[in-house]
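A.B. asks: Take this structure, written in structure tokens, and hold onto it; I'll ask about it next.
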There are 2 protein chains.
Amino acid sequence: MSQRSTAPVSLPVNRLIAGLPRAERNGVVARCEPVELAFGEVLCEAGEPYRHIYFPTTGVISLVKNLGDHQFLETEQIGNEGMLGATLILNVISAPQRGFVHGAGTALRMTAAQLQSSLRGNSALLGMLKRYLYVVMLKLSQTTGCNRFHDVGERLARALLIADDRTHADHFHLTHQFLAEMLGVQRGAVTIAAGLLQQQKIIHYTRGEITVLDRDALELAACECYRVIADDYERLLP
Amino acid sequence: MSQRSTAPVSLPVNRLIAGLPRAERNGVVARCEPVELAFGEVLCEAGEPYRHIYFPTTGVISLVKNLGDHQFLETEQIGNEGMLGATLILNVISAPQRGFVHGAGTALRMTAAQLQSSLRGNSALLGMLKRYLYVVMLKLSQTTGCNRFHDVGERLARALLIADDRTHADHFHLTHQFLAEMLGVQRGAVTIAAGLLQQQKIIHYTRGEITVLDRDALELAACECYRVIADDYERLLP
DNA sequence: CTAATTCTGTGGGTTAACGAACAGACAATC
DNA sequence: GATTGTCTGTTCGTTAACCCACAGAATTAG
């Protein structure tokens with residue numbers, strides 16, 4: 001069984017920032033503005049310049065790719081382990097995808113210009129963002145294969161694990177409909193897959209309120225992609 | 001109808017290098033060593049440091065992701081529009097995936113250390129590689145959705161267009177088996193999809209020798225992902 | 001020339017997921 | 001308390017692709 005639910009609750013900090021040396025960390029935090037993220041709020045639009053970049057502390061941001069014909073697919077989920085706007089270090093000012101708040105909470109934010117000035121003379125921050133961007137790339141290519149080869153059940157379990165990680169709680173709000181859109185499958189398929197997980201007492205849910213009962217079993221039900229990506233992250237951003 | 005087959009053959013140069021200002025370009029080329037790429041040669045292995053980085057001129061390199069259980073999936077194809085090893089600008093010395101030669105030809109190569117020294121004082125090169133890396137990320141997230149939503153026929157057509165671009169010839173060698181592995185589908189599915197394209201006189205093939213007869217029709221048969229990615233490239237790396 | 005190998009065509013049975021619809025259960029609102 | 005909206009369970013026909021297997025054709029090797 002996982003220890004997480006009994007361990008002390010981690011402080012609402014962003015791990016990328018927390019990993020910086022104290023002096024540089026203070027410099028970054030000083031430039032940031034704490035904000036509330038409201039569910040559904042759109043933080044960036046595909047192809048448009050970032051208004052702000054965000055370091056979530058308790059909120060969760062979803063990046064979704066528009067594939068025409070009203071089809072959307074979540075390509076990335078950003079919690080306190082990451083940031084929105086890392087591609088700015090590639091000198092590209094526009095966002096690659098739409099990003100919206102999918103779990104309400106808090107974040108630190110700054111403008112693109114403030115990030116640029118934070119990066120000057122802060123090589124630790126730049127190094128951190130470079131490694132983070134590399135992890136994002138690894139994640140994208142893993143997901144490419146995951147979407148191709150793994151079935152709805154495995155991918156649902158993986159999505160729930162990620163949600164669990166991001167929200168730092170074994171309980172969160174996600175309807176079948178919402179999960180279906182994240183995974184790019186139809187709602188009925190999620191109902192069936194989630195029903196199986198519930199039968200096995202791995203999760204419990206009613207009307208969007210999902211509780212993870214047995215995290216280890218959930219990891220077994222998920223495809224290996226979850227572990228691969230989690231390991232990549234730990235390896236490159238310890 | 002496409003003009004490409006009647007237009008003058010483009011010189012065997014790498015477009016990333018060709019896009020640099022003359023002085024910086026000469027500096028980069030001076031550090032490079034021209035090499036032949038032999039079919040099947042493995043140029044980098046997932047997780048291991050790059051021995052060299054490559055700027056293909058006429059050769060084509062394939063990046064494949066291992067998804068366990070002997071399942072592989074091509075995540076990227078690199079021709080003279082790109083390079084192998086761009087992630088080095090993120091200070092990560094190991095390659096994210098296996099890379100092997102999939103179309104024999106020529107390339108310019110240098111060691112990782114030589115690239116680092118080329119980058120010092122060559123801001124045009126760094127800027128170019130940053131934009132290239134951004135395009136690669138866009139491509140990965142597009143492919144994520146493509147693998148999820150588009151059928152074998154569309155994805156086959158897209159793969160053929162890419163092969164056509166990369167080889168700069170309307171004729172190249174790819175067996176059904178090989179295409180199946182690239183697309184992550186079974187061989188029979190490729191035979192059926194390719195047979196349809198041949199019936200429509202869009203392509204012609206015998207025993208792996210594929211000729212594109214009607215490139216415009218091939219674009220119509222492909223999913224929009226081909227065009228989206230081609231446009232991203234042109235927009236960011238003109 | 002013969003044998004072996006590679007490439008392609010094709011078959012049939014199986015499965016996961018689609019698309020679309022409907023009904024019941026619960027929640028919110030007034 | 002009645003109405004409306006949301007969430008979930010379930011159905012049924014359809015489809016794309018799977019898995020596996022075999023056969024013919026073309027090419028290469030002995």
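Ordering of the structure tokens sets the chain letters (A, B, ...), residue numbers begin anew at 1 in every chain, and ligands are numbered from 1 in the order given.
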Compile the residues of chain B that lie within 6 Å of chain A, evaluated using only C-alpha atoms, and express the compilation as a list in words.
C.D. replies: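 Written out as asked, the residues are Leu90, Lys130, Thr144, Asn147 and Arg148 of chain B.
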A.B. asks: Restrict the distance test to only C-alpha atoms (C1' of nucleotides), flag each residue of chain D within 10 Å of chain B, and return the flagged residues as a list in words.
C.D. replies: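 Close to chain B, chain D has DA16, DA17, DC18, DC19, DA26 and DT27 of chain D.
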A.B. asks: Using only C-alpha atoms, which of A:Thr57, A:Ala112, A:Phe172, A:Ser123 sits nearest Ala23 in chain A?
C.D. replies: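 Using only C-alpha atoms, the shortest distance to Ala23 in chain A belongs to A:Ser123.
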A.B. asks: Using only C-alpha atoms (C1' of nucleotides), which protein or nucleic acid residues come within 12 Å of range 5-10 of chain C? Drop anything in the same chain fewer than 4 positions from it, and give the result as number ranges by chain.
C.D. replies: B: 174-178, 187-192, 194-195, 205-209; D: 21-29
A.B. asks: Please return, as a ChimeraX atom specification, all residues of chain C lying within 12 Å of chain A when only C-alpha atoms (C1' of nucleotides) are considered.
C.D. replies: /C:15-21,25-27
A.B. asks: Have a look at A:Val42, A:Leu20, A:Leu84, A:Ile93 and name the one nearest to Pro56 in chain A; count only C-alpha atoms.
C.D. replies: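 Once distances to Pro56 in chain A are computed over only C-alpha atoms, the minimum belongs to A:Leu84.
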A.B. asks: When DSSP is applied to the backbone of this structure, which of range 22-238 of chain A are assigned strand (DSSP E)? Write them out as JSON, numbers by chain.
C.D. replies: {"A": [33, 34, 35, 36, 37, 42, 43, 44, 52, 53, 54, 55, 56, 60, 61, 62, 63, 64, 65, 66, 72, 73, 74, 75, 76, 77, 78, 98, 99, 100, 101, 102, 103, 105, 106, 107, 108, 109, 110, 111, 171, 172, 173, 203, 204, 205, 206, 209, 210, 211, 212]}
A.B. asks: Enter the distance from CA of Ile17 in chain A to CA of Phe55 in chain A, in Å, rounded to one decimal.
C.D. replies: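 CA of Phe55 in chain A lies 8.1 Å from CA of Ile17 in chain A.
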A.B. asks: Enumerate as number ranges by chain all residues of range 16-218 of chain B assigned to helix (DSSP H, G or I) by DSSP on the backbone, naming them with the chain letters and numbers the document uses.
C.D. replies: B: 16-18, 22-31, 86-90, 112-119, 123-149, 152-167, 176-183, 187-199, 215-218
A.B. asks: Which value, in Å to one decimal, gives the distance between CA of Gln199 in chain B and C1' of DT14 in chain C?
C.D. replies: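 These two atoms are separated by 28.5 Å.
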